[in-house]
$ cat model_16.tsv   # TSV, C-alpha atoms
chain	number	residue	atom	x	y	z
B	309	MET	CA	-5.25	-20.60	33.12
B	310	GLU	CA	-7.96	-19.26	35.38
B	311	THR	CA	-6.16	-15.91	35.66
B	312	LEU	CA	-8.20	-12.97	34.39
B	313	ALA	CA	-6.87	-11.30	31.27
B	314	GLN	CA	-8.01	-8.80	28.67
B	315	PHE	CA	-8.78	-9.96	25.14
B	316	TYR	CA	-9.44	-7.69	22.20
B	317	ILE	CA	-11.76	-9.27	19.63
B	318	ILE	CA	-11.21	-7.72	16.19
B	319	TYR	CA	-14.11	-7.36	13.74
B	320	PRO	CA	-14.34	-5.89	10.24
B	321	LEU	CA	-14.41	-2.13	10.64
B	322	GLY	CA	-17.84	-0.82	11.57
B	323	LEU	CA	-19.36	-4.23	12.31
B	324	SER	CA	-18.42	-4.73	15.96
B	325	ASP	CA	-22.04	-4.17	17.11
B	326	LEU	CA	-23.09	-7.21	15.10
B	327	GLY	CA	-20.12	-9.19	16.43
B	328	LEU	CA	-21.14	-8.33	19.97
B	329	LEU	CA	-24.53	-9.94	19.34
B	330	GLU	CA	-22.84	-13.26	18.58
B	331	LEU	CA	-20.42	-12.92	21.50
B	332	LYS	CA	-23.21	-12.38	24.04
B	333	GLU	CA	-25.37	-15.17	22.63
B	334	LYS	CA	-22.60	-17.76	22.50
B	335	TRP	CA	-21.24	-16.77	25.91
B	336	VAL	CA	-24.58	-17.61	27.53
B	337	ILE	CA	-24.65	-20.95	25.69
B	338	HIS	CA	-21.16	-22.07	26.69
B	339	TYR	CA	-20.59	-20.19	29.95
B	340	PRO	CA	-24.10	-19.86	31.45
B	341	ASP	CA	-22.78	-19.42	35.00
B	342	LYS	CA	-19.90	-17.09	34.19
B	343	LYS	CA	-20.00	-13.33	33.83
B	344	LEU	CA	-18.87	-11.73	30.58
B	345	GLU	CA	-17.18	-8.43	31.43
B	346	ILE	CA	-17.15	-6.05	28.47
B	347	ILE	CA	-14.62	-3.29	29.08
B	348	SER	CA	-15.11	-1.24	25.92
B	349	LYS	CA	-16.20	-1.34	22.30
B	350	ASN	CA	-15.16	0.66	19.26
B	351	GLU	CA	-15.66	0.40	15.50
B	352	GLY	CA	-12.91	-2.17	15.17
B	353	GLY	CA	-13.55	-4.50	18.07
B	354	VAL	CA	-14.58	-5.37	21.61
B	355	LEU	CA	-12.32	-5.51	24.68
B	356	ILE	CA	-13.35	-8.07	27.32
B	357	ASN	CA	-12.03	-9.28	30.67
B	358	VAL	CA	-12.28	-13.08	31.04
B	359	THR	CA	-10.04	-15.94	32.12
B	360	THR	CA	-7.17	-16.90	29.86
B	361	LEU	CA	-8.80	-20.24	29.04
B	362	GLN	CA	-12.13	-18.60	28.21
B	363	GLY	CA	-10.39	-16.14	25.91
B	364	PHE	CA	-8.61	-18.93	24.07
B	365	SER	CA	-11.88	-20.85	23.68
B	366	LEU	CA	-13.50	-17.98	21.77
B	367	ASN	CA	-11.37	-18.95	18.77
B	368	HIS	CA	-13.32	-22.21	18.64
B	369	ILE	CA	-16.73	-20.77	19.48
B	370	LEU	CA	-17.07	-17.51	17.53
B	371	ARG	CA	-17.48	-17.25	13.75
B	372	SER	CA	-17.65	-13.50	13.12
B	373	PRO	CA	-14.34	-12.03	14.40
B	374	THR	CA	-11.23	-11.48	12.30
B	375	ARG	CA	-8.86	-12.48	15.09
B	376	ILE	CA	-8.54	-12.43	18.89
B	377	LEU	CA	-5.64	-10.73	20.68
B	378	LEU	CA	-4.46	-11.25	24.27
B	379	ARG	CA	-3.47	-7.95	25.86
B	380	VAL	CA	0.00	-8.32	27.38
B	381	ALA	CA	0.80	-4.80	28.61
B	382	GLU	CA	-0.11	-1.14	28.43
B	383	PHE	CA	2.38	1.59	29.30
B	384	LYS	CA	3.68	5.02	28.34
B	385	ALA	CA	6.84	5.40	26.30
B	386	ARG	CA	8.28	8.44	24.54
B	387	ASP	CA	11.57	6.96	23.29
B	388	PHE	CA	12.91	3.66	21.98
B	389	PRO	CA	15.18	2.87	24.97
B	390	LYS	CA	12.08	3.07	27.20
B	391	LEU	CA	10.18	0.80	24.81
B	392	PHE	CA	13.05	-1.71	24.82
B	393	ASN	CA	13.23	-1.63	28.62
B	394	LYS	CA	9.48	-2.21	29.03
B	395	ILE	CA	9.44	-5.11	26.57
B	396	SER	CA	12.45	-6.78	28.21
B	397	LYS	CA	10.55	-6.99	31.51
B	398	LEU	CA	7.38	-8.60	30.12
B	399	PRO	CA	6.65	-12.25	31.07
B	400	MET	CA	7.29	-13.57	27.57
B	401	LYS	CA	8.28	-17.01	28.93
B	402	HIS	CA	4.56	-17.81	29.23
B	403	LEU	CA	3.75	-16.70	25.67
B	404	LEU	CA	6.71	-17.33	23.36
B	405	ILE	CA	8.71	-20.48	22.67
B	406	GLY	CA	12.01	-18.94	21.63
B	407	GLN	CA	11.03	-17.46	18.29
B	408	LYS	CA	11.60	-13.90	17.13
B	409	PRO	CA	7.96	-13.07	16.43
B	410	GLU	CA	6.64	-10.98	13.58
B	411	ILE	CA	5.59	-7.49	14.65
B	412	GLU	CA	2.47	-5.65	13.48
B	413	ALA	CA	2.84	-1.97	14.39
B	414	SER	CA	0.51	1.03	14.16
B	415	ALA	CA	0.92	4.52	15.61
B	416	THR	CA	-1.29	7.60	15.89
B	417	ASN	CA	0.07	10.94	17.14
B	418	SER	CA	3.00	9.12	18.70
B	419	LYS	CA	6.66	10.09	18.97
B	420	LEU	CA	7.40	6.44	18.21
B	421	PHE	CA	6.22	6.03	14.63
B	422	ASP	CA	9.13	4.51	12.66
B	423	SER	CA	8.00	0.90	12.13
B	424	ARG	CA	11.56	-0.40	11.60
B	425	LYS	CA	12.78	1.11	14.87
B	426	ILE	CA	9.65	-0.11	16.69
B	427	GLU	CA	10.24	-3.65	15.41
B	428	LYS	CA	13.92	-3.56	16.40
B	429	ALA	CA	13.19	-2.28	19.92
B	430	ILE	CA	10.56	-4.97	20.49
B	431	LYS	CA	12.67	-7.83	19.11
B	432	ASP	CA	15.71	-6.65	21.07
B	433	GLY	CA	13.54	-6.46	24.19
B	434	ILE	CA	12.28	-10.00	23.62
B	435	GLU	CA	15.86	-11.22	23.15
B	436	GLU	CA	16.76	-9.58	26.46
B	437	SER	CA	13.80	-11.26	28.17
B	438	TYR	CA	15.00	-14.62	26.80
B	439	ARG	CA	18.46	-13.89	28.20
B	440	LYS	CA	17.05	-13.11	31.65
B	441	GLN	CA	14.64	-16.06	31.59
B	442	PRO	CA	16.01	-18.71	29.22
B	443	VAL	CA	13.47	-20.68	27.21
B	444	LYS	CA	13.07	-24.29	28.34
B	445	LYS	CA	14.29	-26.99	26.01
B	446	LYS	CA	10.81	-28.51	25.58
B	447	TYR	CA	9.54	-25.17	24.21
B	448	LEU	CA	12.53	-24.84	21.88
B	449	ASP	CA	11.81	-28.39	20.65
B	450	HIS	CA	8.18	-27.40	20.09
B	451	PHE	CA	9.38	-24.36	18.14
B	452	GLU	CA	11.62	-26.52	15.93
B	453	ALA	CA	8.70	-28.86	15.24
B	454	ASN	CA	6.26	-26.05	14.45
B	455	LYS	CA	8.32	-23.53	12.48
B	456	THR	CA	6.08	-23.88	9.45
B	457	ASN	CA	2.88	-23.33	11.43
B	458	ASP	CA	1.33	-19.96	12.23
B	459	LEU	CA	3.27	-18.75	15.26
B	460	PRO	CA	1.79	-15.85	17.23
B	461	LYS	CA	2.56	-12.29	16.17
B	462	ILE	CA	3.11	-9.36	18.50
B	463	TYR	CA	0.76	-6.41	17.93
B	464	TYR	CA	2.06	-2.94	18.85
B	465	ARG	CA	-0.34	-0.01	18.97
B	466	ALA	CA	0.56	3.53	20.00
B	467	VAL	CA	-1.91	6.36	20.54
B	468	ASP	CA	-0.18	9.52	21.69
B	469	ASP	CA	2.33	8.22	24.26
B	470	MET	CA	0.28	5.19	25.36
B	471	ILE	CA	1.58	1.85	24.06
B	472	THR	CA	-0.48	-1.34	23.95
B	473	ILE	CA	1.27	-4.68	23.43
B	474	SER	CA	-0.86	-7.68	22.46
B	475	ILE	CA	-0.18	-11.18	21.20
B	476	ASP	CA	-2.23	-13.00	18.61
B	477	THR	CA	-4.12	-16.08	19.83
B	478	THR	CA	-5.62	-16.92	16.43
B	479	GLY	CA	-2.98	-17.42	13.73
B	480	GLU	CA	-4.62	-17.64	10.33
B	481	LEU	CA	-7.62	-15.31	10.17
B	482	LEU	CA	-10.70	-16.77	11.82
B	483	HIS	CA	-12.67	-16.93	8.59
B	484	LYS	CA	-10.37	-19.85	7.73
B	485	ARG	CA	-12.57	-22.59	9.16
B	486	GLY	CA	-10.18	-25.45	8.50
B	487	ASP	CA	-12.33	-27.28	5.97
B	488	LYS	CA	-11.66	-26.94	2.24
B	489	ILE	CA	-13.81	-24.33	0.51
B	490	PHE	CA	-13.88	-24.10	-3.26
B	491	THR	CA	-14.58	-20.54	-4.35
B	492	GLY	CA	-15.95	-18.98	-7.51
B	493	LEU	CA	-15.82	-15.36	-8.58
B	494	ALA	CA	-16.10	-12.59	-5.95
B	495	PRO	CA	-16.77	-14.78	-2.88
B	496	ILE	CA	-17.67	-13.20	0.42
B	497	ARG	CA	-15.47	-13.91	3.42
B	498	GLU	CA	-17.04	-16.35	5.89
B	499	SER	CA	-16.79	-13.99	8.88
B	500	LEU	CA	-18.56	-11.24	6.92
B	501	ALA	CA	-21.29	-13.68	5.90
B	502	SER	CA	-21.79	-14.60	9.55
B	503	LEU	CA	-22.13	-10.93	10.54
B	504	LEU	CA	-24.59	-10.14	7.75
B	505	LEU	CA	-26.73	-13.14	8.66
B	506	ALA	CA	-26.85	-11.83	12.22
B	507	ALA	CA	-28.00	-8.45	10.94
B	508	LEU	CA	-30.70	-10.08	8.84
B	509	THR	CA	-32.15	-12.21	11.64
B	510	TYR	CA	-31.28	-10.92	15.12
B	511	ASP	CA	-34.59	-9.11	15.83
B	512	LEU	CA	-36.96	-11.57	14.14
B	513	ASP	CA	-39.28	-13.86	16.05
B	514	LYS	CA	-38.16	-17.39	16.86
B	515	LYS	CA	-40.05	-19.37	14.20
B	516	PRO	CA	-37.81	-21.32	11.79
B	517	TYR	CA	-37.38	-19.61	8.44
B	518	ILE	CA	-36.38	-20.91	5.04
B	519	LEU	CA	-33.10	-19.27	4.05
B	520	ILE	CA	-32.73	-18.74	0.31
B	521	ASP	CA	-29.66	-17.57	-1.58
B	522	PRO	CA	-30.75	-17.10	-5.22
B	523	MET	CA	-27.19	-16.44	-6.45
B	524	THR	CA	-25.44	-18.86	-4.16
B	525	GLY	CA	-21.97	-19.01	-5.71
B	526	SER	CA	-19.77	-21.25	-3.56
B	527	GLY	CA	-22.45	-21.41	-0.86
B	528	THR	CA	-20.86	-19.26	1.84
B	529	PHE	CA	-24.07	-17.72	3.23
B	530	LEU	CA	-25.80	-21.09	3.44
B	531	ILE	CA	-22.80	-22.79	5.06
B	532	GLU	CA	-22.40	-20.04	7.66
B	533	ALA	CA	-26.10	-20.21	8.52
B	534	HIS	CA	-26.02	-24.00	8.76
B	535	ASP	CA	-22.82	-24.06	10.87
B	536	ALA	CA	-23.57	-21.01	13.02
B	537	TYR	CA	-23.25	-23.04	16.25
B	538	LYS	CA	-20.52	-25.42	15.15
B	539	ILE	CA	-17.41	-25.62	17.33
B	540	ASN	CA	-14.28	-25.19	15.21
B	541	ASN	CA	-11.83	-27.94	16.08
B	542	ASP	CA	-10.79	-28.43	12.45
B	543	ARG	CA	-7.69	-26.20	12.52
B	544	ASN	CA	-4.86	-25.03	14.76
B	545	PHE	CA	-4.73	-21.68	16.54
B	546	ALA	CA	-1.74	-19.58	17.55
B	547	TYR	CA	-2.45	-19.88	21.29
B	548	GLN	CA	-1.65	-23.61	20.99
B	549	ASN	CA	2.00	-22.53	20.60
B	550	PHE	CA	2.02	-20.66	23.92
B	551	PRO	CA	4.05	-22.31	26.74
B	552	LEU	CA	1.12	-21.91	29.11
B	553	TRP	CA	-1.03	-23.96	26.71
B	554	ILE	CA	1.71	-26.53	26.03
B	555	ASP	CA	1.88	-27.11	29.79
B	556	TYR	CA	-1.90	-27.31	30.19
B	557	LEU	CA	-2.68	-30.98	30.72
B	558	PRO	CA	-6.46	-31.35	30.35
B	559	LYS	CA	-6.41	-30.19	26.70
B	560	LYS	CA	-8.80	-32.85	25.43
B	561	GLN	CA	-11.26	-32.15	28.25
B	562	PHE	CA	-11.13	-28.45	27.40
B	563	ILE	CA	-11.97	-29.11	23.75
B	564	ASP	CA	-14.62	-31.73	24.51
B	565	ASN	CA	-16.48	-29.37	26.85
B	566	PHE	CA	-17.80	-27.40	23.87
B	567	LYS	CA	-20.54	-29.04	21.85
B	568	SER	CA	-21.72	-28.09	18.39
B	569	SER	CA	-25.45	-27.65	17.89
B	570	GLU	CA	-27.78	-27.09	14.97
B	571	ASN	CA	-29.04	-23.66	14.02
B	572	ASP	CA	-32.77	-23.81	14.71
B	573	LYS	CA	-33.39	-20.40	13.14
B	574	PHE	CA	-33.75	-22.07	9.73
B	575	SER	CA	-35.82	-25.06	8.70
B	576	LYS	CA	-34.23	-25.19	5.24
B	577	HIS	CA	-31.16	-23.82	3.47
B	578	LEU	CA	-31.75	-23.44	-0.27
B	579	GLY	CA	-29.34	-22.17	-2.89
B	580	PHE	CA	-29.87	-21.48	-6.58
B	581	GLU	CA	-27.09	-20.95	-9.12
B	582	ILE	CA	-27.14	-20.60	-12.90
B	583	ASN	CA	-23.57	-21.74	-13.59
B	584	GLU	CA	-23.13	-25.54	-13.74
B	585	ASP	CA	-19.43	-25.42	-12.79
B	586	VAL	CA	-20.14	-23.21	-9.78
B	587	ILE	CA	-22.95	-25.56	-8.71
B	588	LYS	CA	-20.40	-28.40	-8.61
B	589	LEU	CA	-18.18	-26.32	-6.33
B	590	ALA	CA	-21.08	-25.43	-4.03
B	591	VAL	CA	-22.18	-29.08	-3.81
B	592	LYS	CA	-18.63	-30.07	-2.77
B	593	ASN	CA	-18.56	-27.32	-0.15
B	594	THR	CA	-21.92	-28.32	1.34
B	595	GLU	CA	-21.36	-32.06	1.30
B	596	GLY	CA	-22.73	-33.67	4.47
B	597	LYS	CA	-24.77	-30.62	5.41
B	598	ASN	CA	-28.53	-30.13	5.25
B	599	ILE	CA	-28.20	-27.68	2.35
B	600	GLN	CA	-29.82	-27.96	-1.07
B	601	ILE	CA	-28.16	-26.45	-4.14
B	602	LYS	CA	-30.18	-26.37	-7.36
B	603	LYS	CA	-29.79	-24.90	-10.81
B	604	GLY	CA	-31.83	-21.73	-11.14
B	605	ASP	CA	-31.86	-18.24	-12.59
B	606	VAL	CA	-32.74	-15.41	-10.24
B	607	PHE	CA	-34.66	-13.71	-13.06
B	608	SER	CA	-36.70	-16.74	-14.18
B	609	LYS	CA	-40.35	-17.17	-13.28
B	610	SER	CA	-39.81	-20.70	-11.96
B	611	GLU	CA	-38.40	-21.87	-8.60
B	612	SER	CA	-41.04	-19.94	-6.68
B	613	LEU	CA	-41.47	-20.99	-3.06
B	614	ALA	CA	-44.06	-20.08	-0.48
B	615	GLY	CA	-43.37	-19.93	3.24
B	616	ASP	CA	-41.56	-17.88	5.88
B	617	ASN	CA	-38.68	-17.04	3.59
B	618	LEU	CA	-35.57	-14.95	4.14
B	619	VAL	CA	-33.48	-14.07	1.09
B	620	ILE	CA	-29.82	-13.10	1.25
B	621	VAL	CA	-27.79	-12.39	-1.87
B	622	ASN	CA	-24.33	-11.20	-2.87
B	623	PRO	CA	-24.75	-10.35	-6.59
B	624	PRO	CA	-21.93	-9.58	-9.02
B	625	TYR	CA	-20.47	-6.10	-8.49
B	626	GLY	CA	-19.07	-5.52	-11.95
B	627	LEU	CA	-16.05	-3.66	-10.64
B	628	ARG	CA	-14.73	-6.90	-9.17
B	629	VAL	CA	-15.69	-9.37	-11.88
B	630	GLY	CA	-14.90	-7.33	-15.00
B	631	GLU	CA	-18.45	-6.52	-16.12
B	632	LYS	CA	-18.90	-2.97	-14.88
B	633	SER	CA	-20.56	-1.79	-18.09
B	634	ASN	CA	-23.33	-4.36	-17.68
B	635	ILE	CA	-24.16	-3.64	-14.04
B	636	ASN	CA	-25.90	-0.58	-12.65
B	637	VAL	CA	-28.45	0.22	-9.96
B	638	GLU	CA	-31.30	-0.99	-12.16
B	639	TYR	CA	-29.71	-4.45	-12.19
B	640	TYR	CA	-29.93	-4.65	-8.38
B	641	LYS	CA	-33.47	-3.32	-8.37
B	642	LYS	CA	-34.39	-6.04	-10.84
B	643	ILE	CA	-32.93	-8.70	-8.51
B	644	ILE	CA	-34.94	-7.36	-5.58
B	645	GLN	CA	-38.15	-7.27	-7.60
B	646	SER	CA	-37.59	-10.80	-8.87
B	647	VAL	CA	-36.94	-12.39	-5.46
B	648	ARG	CA	-39.96	-10.60	-4.01
B	649	GLU	CA	-42.17	-12.03	-6.73
B	650	LYS	CA	-40.72	-15.55	-6.51
B	651	TYR	CA	-40.40	-16.00	-2.74
B	652	SER	CA	-42.51	-13.32	-1.00
B	653	PRO	CA	-39.76	-13.07	1.62
B	654	VAL	CA	-40.19	-11.59	5.07
B	655	ARG	CA	-36.90	-9.81	4.39
B	656	VAL	CA	-34.36	-9.43	1.63
B	657	GLY	CA	-30.69	-8.81	2.41
B	658	ILE	CA	-28.62	-7.66	-0.57
B	659	ILE	CA	-25.08	-6.32	-0.98
B	660	ILE	CA	-24.79	-3.38	-3.39
B	661	PRO	CA	-21.64	-1.35	-4.16
B	662	GLU	CA	-21.75	2.13	-2.67
B	663	GLU	CA	-20.99	3.67	-6.07
B	664	HIS	CA	-24.45	2.72	-7.39
B	665	TYR	CA	-26.31	5.05	-4.99
B	666	PHE	CA	-29.18	2.69	-4.28
B	667	ASN	CA	-31.78	4.63	-2.29
B	668	PRO	CA	-34.76	2.51	-1.19
B	669	ALA	CA	-37.91	4.08	0.19
B	670	PRO	CA	-37.76	4.53	3.99
B	671	LYS	CA	-40.87	2.36	4.40
B	672	ASP	CA	-38.99	-0.56	2.78
B	673	LEU	CA	-35.70	-0.19	4.63
B	674	VAL	CA	-34.92	-2.16	7.80
B	675	ALA	CA	-31.16	-1.45	7.93
B	676	ARG	CA	-28.31	-0.04	5.87
B	677	ILE	CA	-24.90	-1.45	6.83
B	678	PRO	CA	-21.76	-0.14	5.06
B	679	PHE	CA	-18.57	-2.22	5.04
B	680	LYS	CA	-15.63	-3.19	2.84
B	681	ASN	CA	-15.72	-6.39	0.81
B	682	GLY	CA	-12.44	-7.20	-0.90
B	683	GLY	CA	-11.43	-3.54	-0.53
B	684	LEU	CA	-14.60	-2.31	-2.25
B	685	SER	CA	-17.03	-0.04	-0.39
B	686	VAL	CA	-20.38	-1.81	-0.34
B	687	ILE	CA	-23.64	-1.58	1.59
B	688	PHE	CA	-25.76	-4.40	2.93
B	689	TYR	CA	-29.41	-3.38	2.62
B	690	ILE	CA	-32.08	-5.21	4.61
B	691	LEU	CA	-35.48	-4.63	3.05
B	692	LYS	CA	-39.02	-5.55	3.98
B	693	ASN	CA	-41.08	-7.38	1.38

$ encode --input "model_16.tsv" --output "structure tokens"
Amino acid sequence: METLAQFYIIYPLGLSDLGLLELKEKWVIHYPDKKLEIISKNEGGVLINVTTLQGFSLNHILRSPTRILLRVAEFKARDFPKLFNKISKLPMKHLLIGQKPEIEASATNSKLFDSRKIEKAIKDGIEESYRKQPVKKKYLDHFEANKTNDLPKIYYRAVDDMITISIDTTGELLHKRGDKIFTGLAPIRESLASLLLAALTYDLDKKPYILIDPMTGSGTFLIEAHDAYKINNDRNFAYQNFPLWIDYLPKKQFIDNFKSSENDKFSKHLGFEINEDVIKLAVKNTEGKNIQIKKGDVFSKSESLAGDNLVIVNPPYGLRVGEKSNINVEYYKKIIQSVREKYSPVRVGIIIPEEHYFNPAPKDLVARIPFKNGGLSVIFYILKN
């Protein structure tokens, strides 16, 4: 488990720079005496070289990735017999427990582009590797007992003639935290919320701020801020179905080594919501956390609050919630004006659909971050007060 391996950490497209901020910060917290070797970074993720155990642990530690892949092999192949032959020689006995894994395939400028043939060559190659190195009974028993759980997928990627084979260590996407979240209309994914909070705060001074979400919905922004340094031991991960993990004896010690801590960037987490039913959902979601959810209208003159405030808001988009005719750029400008008057925030972070062509004055703009939310092109604007 102390063998060095490459892990590719996947982030929402275009947001890997923000993900790298979390990775570097959390690495220093949990591995202060260990070097983090970053091999490369692109729009979709970060490739690192760490020990196998360290790579697995990132599933518990990080909150902003989509998933984490273990790189198994990289080789050239121009035909399917060559692909089969390469796969059959991989050390799958350390990674698979006898299952025929699902295959996720993508190809760019490659002679091998037919996804059905790619899947067949890989599965046939895995079957051949099982034949050469039979799976132990204890792994087959584990497979029988865990068929309904998320078993690791194989990821195939071809660029020109270069093939990369990876295996998923995560299972369900990492934004699934393991605890029950009740959602309202147009929620934001937890991993995206974590990334946007990093964008809002990473270059600010260290004083504790009051975080305010004036249209809190199910409370995702507030929960992600509150739990930013929480270790996720509330769910299973795909790597826990690897033979090399099944055979690893000090499992409990490994998990217990990582300690959750409070996020000292915020002194308070305050949410306001106009809908009574949604408030009930948010209160359930934030139960046991130092988060306050109150009834409030973003456009009212009440609920003003002085202090070192940061405002983050994911307003209705119209296109997603069926009210497109009622929502335009003036609606978002009105939200910004209202929160500035009510809270005098140091910064406002607001998500606005790209179609509305919001164009703030350069003197007001800290950052403009485009991304996809639920398939819709949106932009996260960070504005000065």

$ closest_residue --input "model_16.tsv" --among "B:Lys603, B:Arg485, B:Lys431, B:Lys641" --to "Asn667 in chain B" --atoms "only C-alpha atoms"
B:Lys641

$ closest_residue --input "model_16.tsv" --among "B:Lys343, B:Arg543, B:Lys602, B:Lys408" --to "Asp487 in chain B" --atoms "all atoms listed in the file"
B:Arg543

$ atom_distance --input "model_16.tsv" --atom1 "CA of Pro320 in chain B" --atom2 "CA of Thr374 in chain B"
6.7 Å

$ residues_around --input "model_16.tsv" --residues "Ala466 in chain B" --least-positions-apart "5" --cutoff "7 Å" --atoms "all atoms listed in the file" --output "number ranges by chain"
B: 414-416, 418, 471-472

$ residues_near_point --input "model_16.tsv" --point "(17.4, -16.2, 28.2)" --cutoff "12 Å" --atoms "all atoms listed in the file" --output "ChimeraX atom specification"
/B:396-397,399-401,404-407,433-445,448

$ closest_residue --input "model_16.tsv" --among "B:Gly682, B:Pro516, B:Pro558, B:Gly486" --to "Asn541 in chain B" --atoms "all atoms listed in the file"
B:Gly486

$ closest_residue --input "model_16.tsv" --among "B:Glu595, B:Asp449, B:Asp542, B:Glu662" --to "Ser685 in chain B" --atoms "only C-alpha atoms"
B:Glu662

$ atom_distance --input "model_16.tsv" --atom1 "CA of Tyr517 in chain B" --atom2 "CA of Ser646 in chain B"
19.4 Å
